[in-house]
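Undergrad: One file: structure14.cif (mmCIF, C-alpha atoms and all ligand atoms).
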```cif
data_entry
#
loop_
_atom_site.label_atom_id
_atom_site.label_comp_id
_atom_site.auth_asym_id
_atom_site.auth_seq_id
_atom_site.Cartn_x
_atom_site.Cartn_y
_atom_site.Cartn_z
CA MET A 1 -49.17 12.74 -127.35
CA ILE A 2 -49.35 12.28 -131.10
CA VAL A 3 -48.48 13.97 -134.38
CA VAL A 4 -50.43 13.17 -137.56
CA ALA A 5 -49.43 14.49 -140.99
CA SER A 6 -49.93 14.10 -144.70
CA ALA A 7 -47.28 11.77 -146.16
CA ASN A 8 -45.03 14.66 -147.25
CA GLY A 9 -44.92 15.71 -143.58
CA GLY A 10 -42.49 12.84 -143.00
CA VAL A 11 -39.56 15.26 -143.16
CA GLY A 12 -40.93 17.17 -140.14
CA ILE A 13 -42.81 14.66 -138.01
CA ARG A 14 -39.86 13.53 -135.88
CA GLU A 15 -39.03 17.15 -135.07
CA ALA A 16 -42.66 17.84 -134.17
CA MET A 17 -42.62 14.86 -131.78
CA ARG A 18 -39.26 15.97 -130.34
CA VAL A 19 -40.86 19.36 -129.54
CA LEU A 20 -43.79 17.66 -127.79
CA LYS A 21 -41.51 15.37 -125.81
CA SER A 22 -39.43 18.29 -124.65
CA GLY A 23 -42.51 19.98 -123.22
CA GLY A 24 -43.51 22.13 -126.21
CA SER A 25 -47.15 22.80 -126.98
CA ALA A 26 -49.17 21.35 -129.85
CA ILE A 27 -48.84 24.76 -131.55
CA ASP A 28 -45.03 24.67 -131.23
CA ALA A 29 -44.95 21.13 -132.62
CA VAL A 30 -47.13 21.91 -135.63
CA GLU A 31 -45.11 24.99 -136.50
CA ALA A 32 -41.79 23.16 -136.14
CA GLY A 33 -42.90 20.22 -138.27
CA ILE A 34 -44.35 22.37 -141.05
CA ARG A 35 -41.30 24.65 -141.19
CA LEU A 36 -39.16 21.68 -142.21
CA VAL A 37 -41.56 20.83 -145.03
CA GLU A 38 -41.61 24.48 -146.14
CA SER A 39 -37.81 24.40 -146.32
CA ASN A 40 -37.71 21.16 -148.31
CA PRO A 41 -36.74 22.07 -151.90
CA ASP A 42 -37.88 18.62 -153.07
CA ASP A 43 -41.50 19.36 -152.16
CA ASP A 44 -42.87 21.41 -155.04
CA SER A 45 -46.24 22.04 -153.39
CA VAL A 46 -45.16 23.78 -150.18
CA GLY A 47 -42.94 26.77 -149.32
CA TYR A 48 -39.51 27.13 -150.92
CA GLY A 49 -39.50 25.23 -154.21
CA GLY A 50 -43.30 25.43 -154.58
CA LEU A 51 -44.57 25.68 -158.15
CA PRO A 52 -45.59 29.21 -159.11
CA ASN A 53 -48.81 30.82 -160.35
CA ILE A 54 -49.32 31.38 -164.06
CA LEU A 55 -47.12 34.50 -163.98
CA GLY A 56 -44.21 32.58 -162.44
CA GLU A 57 -44.71 34.00 -158.92
CA VAL A 58 -44.68 31.70 -155.89
CA GLU A 59 -47.73 32.59 -153.77
CA LEU A 60 -48.08 30.75 -150.48
CA ASP A 61 -51.07 30.05 -148.20
CA ALA A 62 -51.05 28.74 -144.62
CA SER A 63 -53.18 28.47 -141.51
CA ILE A 64 -52.89 27.38 -137.91
CA MET A 65 -55.70 26.71 -135.41
CA ASP A 66 -55.52 26.27 -131.65
CA GLY A 67 -58.10 23.70 -130.57
CA LYS A 68 -58.05 24.97 -126.97
CA THR A 69 -59.18 28.56 -127.67
CA LEU A 70 -60.39 28.16 -131.29
CA ALA A 71 -58.01 31.01 -132.14
CA ALA A 72 -56.66 30.89 -135.67
CA GLY A 73 -54.23 32.72 -137.93
CA CYS A 74 -54.01 32.50 -141.70
CA VAL A 75 -52.15 34.06 -144.60
CA GLY A 76 -53.06 33.87 -148.27
CA ALA A 77 -51.14 34.66 -151.45
CA ILE A 78 -48.12 35.81 -149.45
CA LYS A 79 -45.00 36.31 -151.59
CA GLY A 80 -41.30 36.26 -150.75
CA TYR A 81 -41.48 34.69 -147.28
CA GLY A 82 -40.52 31.05 -146.89
CA HIS A 83 -42.37 30.21 -143.68
CA PRO A 84 -46.02 31.21 -144.07
CA ILE A 85 -46.95 28.91 -141.16
CA SER A 86 -44.90 31.12 -138.81
CA VAL A 87 -46.47 34.28 -140.24
CA ALA A 88 -49.91 32.68 -139.74
CA ARG A 89 -49.02 31.95 -136.12
CA LYS A 90 -48.06 35.60 -135.63
CA VAL A 91 -51.41 36.66 -137.13
CA MET A 92 -53.09 34.45 -134.52
CA GLU A 93 -51.01 35.76 -131.65
CA ARG A 94 -50.49 39.44 -132.48
CA LEU A 95 -53.55 40.67 -134.40
CA PRO A 96 -57.27 40.88 -133.72
CA HIS A 97 -57.71 39.33 -137.20
CA VAL A 98 -57.72 35.79 -138.55
CA LEU A 99 -56.72 36.12 -142.22
CA LEU A 100 -54.32 38.44 -144.05
CA VAL A 101 -53.79 38.23 -147.80
CA GLY A 102 -51.45 39.58 -150.47
CA ALA A 103 -49.69 42.88 -149.84
CA GLY A 104 -51.05 43.09 -146.29
CA ALA A 105 -49.65 39.67 -145.44
CA ASN A 106 -46.26 40.62 -146.94
CA ARG A 107 -46.20 43.83 -144.97
CA PHE A 108 -47.08 42.07 -141.71
CA ALA A 109 -44.37 39.45 -142.30
CA ALA A 110 -41.81 42.25 -142.67
CA GLU A 111 -43.09 43.99 -139.54
CA MET A 112 -42.72 40.74 -137.59
CA GLY A 113 -39.08 40.54 -138.66
CA PHE A 114 -39.28 37.59 -141.07
CA ALA A 115 -36.47 37.60 -143.62
CA PRO A 116 -37.58 37.81 -147.26
CA ARG A 117 -36.41 35.01 -149.54
CA GLU A 118 -36.55 34.12 -153.24
CA LEU A 119 -38.82 31.07 -153.36
CA LEU A 120 -38.76 30.15 -157.05
CA THR A 121 -36.17 27.42 -157.60
CA ASP A 122 -34.51 26.72 -160.96
CA TYR A 123 -36.44 23.45 -161.14
CA ALA A 124 -39.80 25.16 -160.53
CA ARG A 125 -39.02 27.89 -163.09
CA ASP A 126 -38.11 25.22 -165.61
CA VAL A 127 -41.31 23.21 -165.12
CA TRP A 128 -43.37 26.42 -165.36
CA LEU A 129 -41.65 27.59 -168.56
CA LYS A 130 -42.05 24.16 -170.17
CA ARG A 131 -45.74 24.17 -169.34
CA LEU A 132 -46.22 27.62 -170.90
CA GLU A 133 -44.23 26.60 -173.99
CA HIS A 134 -46.42 23.54 -174.34
CA ASP A 135 -49.71 25.42 -174.02
CA MET A 136 -49.22 28.97 -175.30
CA PRO A 137 -48.11 30.69 -178.47
CA ALA A 138 -44.86 32.66 -178.06
CA ASP A 139 -46.53 36.10 -178.41
CA VAL A 140 -48.86 35.38 -175.48
CA ARG A 141 -46.10 33.84 -173.39
CA GLN A 142 -43.76 36.76 -173.84
CA ASN A 143 -46.34 39.32 -172.65
CA LEU A 144 -48.23 37.19 -170.24
CA ALA A 145 -48.52 39.75 -167.44
CA GLU A 146 -50.13 42.22 -169.88
CA GLN A 147 -52.78 39.83 -171.21
CA ASN A 148 -56.30 40.96 -170.41
CA ASP A 149 -57.63 37.41 -170.81
CA LEU A 150 -55.27 35.64 -168.46
CA TRP A 151 -58.22 33.58 -167.21
CA LYS A 152 -58.35 31.66 -170.50
CA TRP A 153 -54.73 30.67 -170.23
CA VAL A 154 -55.11 29.58 -166.63
CA GLU A 155 -57.73 27.10 -167.83
CA LEU A 156 -55.38 25.74 -170.49
CA ALA A 157 -52.32 25.54 -168.29
CA THR A 158 -54.11 24.02 -165.30
CA ASP A 159 -53.34 20.39 -164.78
CA PRO A 160 -55.51 18.18 -162.51
CA GLU A 161 -52.39 16.29 -161.42
CA ARG A 162 -51.01 19.57 -160.08
CA ALA A 163 -54.20 20.65 -158.29
CA GLY A 164 -52.98 19.10 -155.07
CA GLY A 165 -49.91 18.97 -152.87
CA THR A 166 -49.98 20.86 -149.52
CA VAL A 167 -48.89 19.69 -146.08
CA ASN A 168 -51.13 19.01 -143.07
CA PHE A 169 -50.03 18.57 -139.45
CA ILE A 170 -52.17 17.82 -136.39
CA ALA A 171 -50.57 17.54 -132.95
CA GLN A 172 -51.96 16.70 -129.53
CA ASP A 173 -49.66 17.59 -126.65
CA GLY A 174 -49.24 16.18 -123.15
CA GLN A 175 -52.03 18.47 -121.86
CA GLY A 176 -54.47 17.14 -124.46
CA ASN A 177 -54.41 20.36 -126.47
CA ILE A 178 -54.82 19.94 -130.23
CA CYS A 179 -53.43 22.19 -132.96
CA THR A 180 -53.78 21.91 -136.73
CA GLY A 181 -51.56 23.53 -139.38
CA VAL A 182 -51.66 23.63 -143.16
CA SER A 183 -49.21 25.13 -145.66
CA THR A 184 -49.16 25.15 -149.45
CA SER A 185 -48.09 26.86 -152.65
CA GLY A 186 -51.53 25.93 -154.00
CA TRP A 187 -52.29 24.86 -157.52
CA ALA A 188 -49.44 25.20 -159.94
CA TRP A 189 -50.22 27.81 -162.63
CA LYS A 190 -53.15 29.22 -160.65
CA TYR A 191 -54.64 32.63 -161.38
CA PRO A 192 -52.76 35.26 -159.31
CA GLY A 193 -54.49 35.79 -155.97
CA ARG A 194 -56.26 32.44 -155.98
CA LEU A 195 -56.68 31.01 -152.47
CA GLY A 196 -57.36 27.36 -151.83
CA ASP A 197 -58.71 25.75 -148.68
CA SER A 198 -55.40 25.87 -146.80
CA PRO A 199 -55.83 29.39 -145.36
CA ILE A 200 -59.60 29.00 -144.88
CA ILE A 201 -60.63 27.90 -141.40
CA GLY A 202 -63.38 25.33 -141.70
CA ALA A 203 -62.37 24.31 -145.21
CA GLY A 204 -58.77 23.05 -145.03
CA ASN A 205 -58.22 23.29 -141.28
CA TYR A 206 -60.25 22.92 -138.10
CA ALA A 207 -59.39 21.97 -134.51
CA HIS A 208 -61.43 21.74 -131.35
CA ASN A 209 -60.00 20.11 -128.21
CA ARG A 210 -63.40 18.75 -127.14
CA TYR A 211 -64.09 16.84 -130.39
CA GLY A 212 -60.95 16.51 -132.54
CA ALA A 213 -59.38 18.03 -135.63
CA ALA A 214 -59.11 17.65 -139.38
CA ALA A 215 -57.09 19.07 -142.25
CA CYS A 216 -57.18 18.64 -146.01
CA THR A 217 -54.94 18.32 -149.01
CA GLY A 218 -56.06 18.07 -152.59
CA MET A 219 -58.32 20.32 -154.59
CA GLY A 220 -58.98 23.22 -152.24
CA GLU A 221 -61.98 24.50 -154.16
CA MET A 222 -63.82 21.31 -153.20
CA ALA A 223 -62.99 21.60 -149.50
CA ILE A 224 -64.07 25.26 -149.50
CA ARG A 225 -67.40 24.43 -151.13
CA SER A 226 -68.06 21.57 -148.74
CA GLY A 227 -66.60 23.04 -145.53
CA THR A 228 -64.71 19.78 -145.17
CA ALA A 229 -62.45 20.15 -142.11
CA ARG A 230 -65.22 21.68 -140.01
CA SER A 231 -67.62 18.98 -141.20
CA VAL A 232 -65.37 16.20 -139.91
CA VAL A 233 -65.14 17.86 -136.49
CA LEU A 234 -68.86 18.63 -136.43
CA TYR A 235 -69.71 15.01 -137.26
CA MET A 236 -67.53 13.95 -134.32
CA LYS A 237 -69.33 16.51 -132.12
CA MET A 238 -72.60 14.90 -133.21
CA GLY A 239 -71.32 11.59 -131.84
CA LYS A 240 -69.91 9.93 -134.96
CA SER A 241 -66.69 7.96 -134.69
CA ILE A 242 -63.65 9.38 -136.47
CA GLU A 243 -64.08 6.76 -139.24
CA GLU A 244 -67.75 7.67 -139.74
CA ALA A 245 -66.99 11.40 -139.60
CA GLY A 246 -64.30 11.18 -142.28
CA ARG A 247 -66.43 9.03 -144.55
CA LEU A 248 -69.42 11.35 -144.19
CA ALA A 249 -67.26 14.36 -145.08
CA MET A 250 -65.94 12.50 -148.14
CA ASP A 251 -69.53 11.60 -149.09
CA ASP A 252 -70.40 15.31 -148.85
CA LEU A 253 -67.65 16.01 -151.41
CA ASP A 254 -69.27 13.47 -153.71
CA GLU A 255 -72.38 15.66 -153.86
CA LEU A 256 -70.50 18.53 -155.50
CA GLY A 257 -71.38 19.30 -159.07
CA GLY A 258 -69.55 21.57 -161.46
CA LYS A 259 -66.73 21.21 -163.94
CA TYR A 260 -63.69 20.60 -161.76
CA LEU A 261 -63.59 17.75 -159.26
CA SER A 262 -60.36 15.97 -158.46
CA ARG A 263 -58.36 14.44 -155.62
CA MET A 264 -59.27 15.12 -152.00
CA ASN A 265 -57.58 13.88 -148.84
CA ILE A 266 -58.36 14.36 -145.15
CA ILE A 267 -56.30 13.64 -142.05
CA ALA A 268 -58.10 13.64 -138.71
CA LEU A 269 -57.58 13.10 -135.01
CA ASP A 270 -60.27 12.47 -132.42
CA LYS A 271 -60.23 13.98 -128.93
CA ASP A 272 -58.82 10.73 -127.51
CA GLY A 273 -55.79 10.87 -129.79
CA ARG A 274 -56.91 8.34 -132.42
CA PRO A 275 -55.75 9.20 -135.96
CA ALA A 276 -57.45 8.41 -139.27
CA ALA A 277 -57.13 9.55 -142.86
CA PHE A 278 -59.27 9.38 -145.97
CA SER A 279 -58.78 9.83 -149.69
CA ASN A 280 -60.61 9.40 -152.96
CA TYR A 281 -57.32 8.13 -154.38
CA GLN A 282 -56.48 4.43 -153.87
CA GLU A 283 -52.75 4.70 -153.18
CA ALA A 284 -52.84 7.63 -150.74
CA LYS A 285 -50.95 7.43 -147.47
CA PHE A 286 -50.54 9.48 -144.29
CA THR A 287 -48.09 9.37 -141.41
CA TYR A 288 -48.36 9.50 -137.64
CA MET A 289 -46.17 9.09 -134.57
CA THR A 290 -47.22 8.68 -130.94
CA GLY A 291 -45.08 9.48 -127.94
CA GLU A 292 -44.44 5.75 -127.46
CA MET A 293 -43.16 5.15 -131.01
CA GLN A 294 -39.48 5.32 -131.95
CA GLU A 295 -40.29 6.04 -135.62
CA PRO A 296 -43.34 7.35 -137.48
CA VAL A 297 -45.44 4.95 -139.54
CA LEU A 298 -46.62 5.54 -143.08
CA ALA A 299 -50.13 4.08 -143.25
CA PRO A 300 -52.76 3.77 -146.00
CA ARG A 301 -55.68 6.20 -145.98
CA GLN A 302 -59.21 4.82 -146.06
CA PHE A 303 -60.42 4.97 -149.64
CA VAL A 304 -63.78 6.64 -150.25
CA ALA A 305 -64.80 6.88 -153.90
CA THR A 306 -66.03 10.23 -155.18
CA HIS A 307 -66.65 11.16 -158.78
CA SER A 308 -64.05 13.22 -160.59
CA ARG A 309 -64.37 15.47 -163.60
CA TRP A 310 -62.09 17.91 -165.33
CA GLY A 311 -63.51 20.46 -167.77
N1 LIG B 1 -55.36 22.14 -150.99
C1 LIG B 1 -54.50 23.16 -151.42
C2 LIG B 1 -55.01 24.04 -152.44
O1 LIG B 1 -55.98 23.72 -153.11
O2 LIG B 1 -54.45 25.09 -152.64
#
```
As structure tokens - that is how I would like this structure written.
Ligand code: GLY

TA:
Amino acid sequence: MIVVASANGGVGIREAMRVLKSGGSAIDAVEAGIRLVESNPDDDSVGYGGLPNILGEVELDASIMDGKTLAAGCVGAIKGYGHPISVARKVMERLPHVLLVGAGANRFAAEMGFAPRELLTDYARDVWLKRLEHDMPADVRQNLAEQNDLWKWVELATDPERAGGTVNFIAQDGQGNICTGVSTSGWAWKYPGRLGDSPIIGAGNYAHNRYGAAACTGMGEMAIRSGTARSVVLYMKMGKSIEEAGRLAMDDLDELGGKYLSRMNIIALDKDGRPAAFSNYQEAKFTYMTGEMQEPVLAPRQFVATHSRWG
């Protein structure tokens, strides 16, 4: 058994492994690990404490995929619920659908008995207000929700350093079943309703017991356009090693044109329980823990250069 996560998953990886060791499934482990990251107020890219959209609203995205059945559940732009990964799991288990967004996702969370919670912390509100003060004249700032050209201000307020964050977890349990989960507050200062790759199966998340799994952090628009998580798994299905599969998927990202290209990171697991991770950022790390290990390790990701551009 093994749990693999993005570096910020360190706060949940021991709990995920504890769940596996006590007989829980890969799905249970992924949910348990991600919930601890979602509750971590120090992580401003996931769950409670996540940085808000341009209107100051925290909108969360999450997905979970069961590699045994290829069932999946996802929520996008959900507001006021601190554990979108658990809502996504309920979508997978209770509905004939895969993805709920916005008001529908909020409504479903309430129906499933999740407790609403204020997600915007004082710190996040402060950073948001400072950013608006830096970029916008007072008359625009004070009536931001009424602006009919909000799109222009999103472009100004968007910061490539903030187009990232997100947590990824992949677990393989004692039966060999694989599950992948992703949770995020998305880009800080995004346009309301924007979804990244995290709730999009095939883009930010993909798992298949027979071949392996992958999940992404970084600039979700790139992973959506390239179908990154599914690509990694498909390359493994085609017989590539996990290292080759990850590098090929990163090379695919390098073919993207357009105005906005930034950081991208992938974690992956092959069907035999071997982890790997990739990034176009030199210092990037990931974490993993096998059933034999007493503590998780924080390991460097394989660097794959891709071009970046902003504006
Ligand atoms: N990768 C997370 C996002 O772009 O929202």

Undergrad: Between A:Ile85, A:Ala207, A:Leu36, A:Ile54, which has the minimum distance to Thr184 in chain A (counting only C-alpha atoms)?

TA: A:Ile85

Undergrad: Give as a VMD selection string the residues surrounding ligand LIG 1 (chain B) up to a distance of 7 Å, considering all atoms listed in the file.

TA: chain A and resid 163 to 166 184 to 187 195 to 198 204 216 to 221

Undergrad: Go through A:Ser183, A:Gln294, A:Asn40, A:Gln172 and flag the residue nearest Asp272 in chain A, using only C-alpha atoms for the distances.

TA: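 Using only C-alpha atoms, Asp272 in chain A sits closest to A:Gln172.
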
Undergrad: So which residues touch Leu120 in chain A within 12 Å, counting all atoms listed in the file, skipping near sequence neighbours fewer than 3 positions away, as a ChimeraX atom specification?

TA: /A:41,44-53,55-60,79-82,117,123-128,185

Undergrad: Using CA of Arg309 in chain A and CA of Ala229 in chain A as the two end points, give the distance in Å to one decimal.

TA: 22.1 Å

Undergrad: Suppose you want the space between CA of Leu269 in chain A and CA of Gly67 in chain A; what is it in Å?

TA: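 Those two atoms sit 11.5 Å apart.
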
Undergrad: Please return the centre and edge lengths, in Å to one decimal, of a box with edges along x, y and z that contains all listed atoms of range 276-292 of chain A, widened by 4 Å on every side, as AutoDock Vina command-line options.

TA:
```
--center_x -52.5 --center_y 7.1 --center_z -140.9 --size_x 24.2 --size_y 13.4 --size_z 34.9
```

Undergrad: Excluding same-chain residues fewer than 2 positions from Arg107 in chain A, what lies within 12 Å of it counting only C-alpha atoms, as a PDB file with C-alpha atoms, keeping the file's coordinate frame?

TA:
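Result file follows (out.pdb):
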```
ATOM      1  CA  VAL A  75     -52.150  34.060-144.600  1.00  0.00           C
ATOM      2  CA  ILE A  78     -48.120  35.810-149.450  1.00  0.00           C
ATOM      3  CA  LYS A  79     -45.000  36.310-151.590  1.00  0.00           C
ATOM      4  CA  GLY A  80     -41.300  36.260-150.750  1.00  0.00           C
ATOM      5  CA  TYR A  81     -41.480  34.690-147.280  1.00  0.00           C
ATOM      6  CA  VAL A  87     -46.470  34.280-140.240  1.00  0.00           C
ATOM      7  CA  VAL A  91     -51.410  36.660-137.130  1.00  0.00           C
ATOM      8  CA  LEU A 100     -54.320  38.440-144.050  1.00  0.00           C
ATOM      9  CA  VAL A 101     -53.790  38.230-147.800  1.00  0.00           C
ATOM     10  CA  GLY A 102     -51.450  39.580-150.470  1.00  0.00           C
ATOM     11  CA  ALA A 103     -49.690  42.880-149.840  1.00  0.00           C
ATOM     12  CA  GLY A 104     -51.050  43.090-146.290  1.00  0.00           C
ATOM     13  CA  ALA A 105     -49.650  39.670-145.440  1.00  0.00           C
ATOM     14  CA  ALA A 109     -44.370  39.450-142.300  1.00  0.00           C
ATOM     15  CA  ALA A 110     -41.810  42.250-142.670  1.00  0.00           C
ATOM     16  CA  GLU A 111     -43.090  43.990-139.540  1.00  0.00           C
ATOM     17  CA  MET A 112     -42.720  40.740-137.590  1.00  0.00           C
ATOM     18  CA  GLY A 113     -39.080  40.540-138.660  1.00  0.00           C
ATOM     19  CA  PHE A 114     -39.280  37.590-141.070  1.00  0.00           C
ATOM     20  CA  ALA A 115     -36.470  37.600-143.620  1.00  0.00           C
ATOM     21  CA  PRO A 116     -37.580  37.810-147.260  1.00  0.00           C
TER      22      PRO A 116
END
```

Undergrad: For Gly273 in chain A, which residue among A:Lys240, A:Lys90, A:Arg247, A:Arg210 is the nearest when counting only C-alpha atoms?

TA: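 Checking each candidate against Gly273 in chain A, we get A:Arg210 as the closest.
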
Undergrad: What does the distance from CA of Val19 in chain A to CA of Gly291 in chain A come to in Å, to one decimal?

TA: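 Straight-line distance from CA of Val19 in chain A to CA of Gly291 in chain A works out to 10.9 Å.
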
Undergrad: For range 52-73 of chain A, supply N, CA, C and O atoms and report the output as a CSV table (one decimal), keeping the file's coordinate frame.

TA:
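What ended up in result-v5.csv:
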```
chain,number,residue,atom,x,y,z
A,52,PRO,N,-45.0,27.9,-159.1
A,52,PRO,CA,-45.6,29.2,-159.1
A,52,PRO,C,-47.0,29.3,-159.7
A,52,PRO,O,-47.5,28.4,-160.3
A,53,ASN,N,-47.5,30.5,-159.7
A,53,ASN,CA,-48.8,30.8,-160.4
A,53,ASN,C,-48.5,31.0,-161.8
A,53,ASN,O,-47.4,30.8,-162.3
A,54,ILE,N,-49.5,31.3,-162.6
A,54,ILE,CA,-49.3,31.4,-164.1
A,54,ILE,C,-48.3,32.4,-164.5
A,54,ILE,O,-47.7,32.3,-165.5
A,55,LEU,N,-48.1,33.5,-163.6
A,55,LEU,CA,-47.1,34.5,-164.0
A,55,LEU,C,-45.7,34.2,-163.5
A,55,LEU,O,-44.8,35.0,-163.6
A,56,GLY,N,-45.5,33.0,-162.9
A,56,GLY,CA,-44.2,32.6,-162.4
A,56,GLY,C,-43.9,33.1,-161.0
A,56,GLY,O,-42.7,33.1,-160.6
A,57,GLU,N,-44.9,33.5,-160.3
A,57,GLU,CA,-44.7,34.0,-158.9
A,57,GLU,C,-45.2,32.9,-157.9
A,57,GLU,O,-46.3,32.4,-158.1
A,58,VAL,N,-44.3,32.7,-156.9
A,58,VAL,CA,-44.7,31.7,-155.9
A,58,VAL,C,-45.6,32.4,-154.9
A,58,VAL,O,-45.1,33.4,-154.2
A,59,GLU,N,-46.8,32.0,-154.7
A,59,GLU,CA,-47.7,32.6,-153.8
A,59,GLU,C,-48.1,31.5,-152.8
A,59,GLU,O,-48.6,30.4,-153.2
A,60,LEU,N,-47.9,31.8,-151.5
A,60,LEU,CA,-48.1,30.8,-150.5
A,60,LEU,C,-49.3,31.0,-149.6
A,60,LEU,O,-49.6,32.2,-149.3
A,61,ASP,N,-49.9,30.0,-149.1
A,61,ASP,CA,-51.1,30.0,-148.2
A,61,ASP,C,-50.8,29.2,-147.0
A,61,ASP,O,-50.2,28.1,-147.1
A,62,ALA,N,-51.2,29.6,-145.8
A,62,ALA,CA,-51.0,28.7,-144.6
A,62,ALA,C,-52.1,29.1,-143.6
A,62,ALA,O,-52.6,30.2,-143.6
A,63,SER,N,-52.3,28.2,-142.6
A,63,SER,CA,-53.2,28.5,-141.5
A,63,SER,C,-52.8,27.6,-140.3
A,63,SER,O,-52.2,26.5,-140.5
A,64,ILE,N,-53.1,28.1,-139.1
A,64,ILE,CA,-52.9,27.4,-137.9
A,64,ILE,C,-54.1,27.6,-137.0
A,64,ILE,O,-54.6,28.7,-137.0
A,65,MET,N,-54.5,26.6,-136.3
A,65,MET,CA,-55.7,26.7,-135.4
A,65,MET,C,-55.4,26.0,-134.1
A,65,MET,O,-55.0,24.9,-134.1
A,66,ASP,N,-55.7,26.7,-133.0
A,66,ASP,CA,-55.5,26.3,-131.6
A,66,ASP,C,-56.8,25.7,-131.2
A,66,ASP,O,-57.8,26.4,-131.0
A,67,GLY,N,-56.9,24.4,-131.0
A,67,GLY,CA,-58.1,23.7,-130.6
A,67,GLY,C,-58.6,24.0,-129.2
A,67,GLY,O,-59.7,23.7,-128.8
A,68,LYS,N,-57.7,24.6,-128.4
A,68,LYS,CA,-58.0,25.0,-127.0
A,68,LYS,C,-58.9,26.2,-126.9
A,68,LYS,O,-60.0,26.3,-126.3
A,69,THR,N,-58.5,27.3,-127.7
A,69,THR,CA,-59.2,28.6,-127.7
A,69,THR,C,-60.0,28.8,-128.9
A,69,THR,O,-60.8,29.8,-129.0
A,70,LEU,N,-59.8,28.0,-129.9
A,70,LEU,CA,-60.4,28.2,-131.3
A,70,LEU,C,-59.8,29.4,-131.9
A,70,LEU,O,-60.4,30.0,-132.9
A,71,ALA,N,-58.7,29.9,-131.5
A,71,ALA,CA,-58.0,31.0,-132.1
A,71,ALA,C,-57.4,30.5,-133.4
A,71,ALA,O,-57.0,29.3,-133.5
A,72,ALA,N,-57.3,31.3,-134.4
A,72,ALA,CA,-56.7,30.9,-135.7
A,72,ALA,C,-55.9,32.0,-136.3
A,72,ALA,O,-56.3,33.2,-136.1
A,73,GLY,N,-54.9,31.7,-137.1
A,73,GLY,CA,-54.2,32.7,-137.9
A,73,GLY,C,-54.0,32.1,-139.3
A,73,GLY,O,-53.6,31.0,-139.4
```
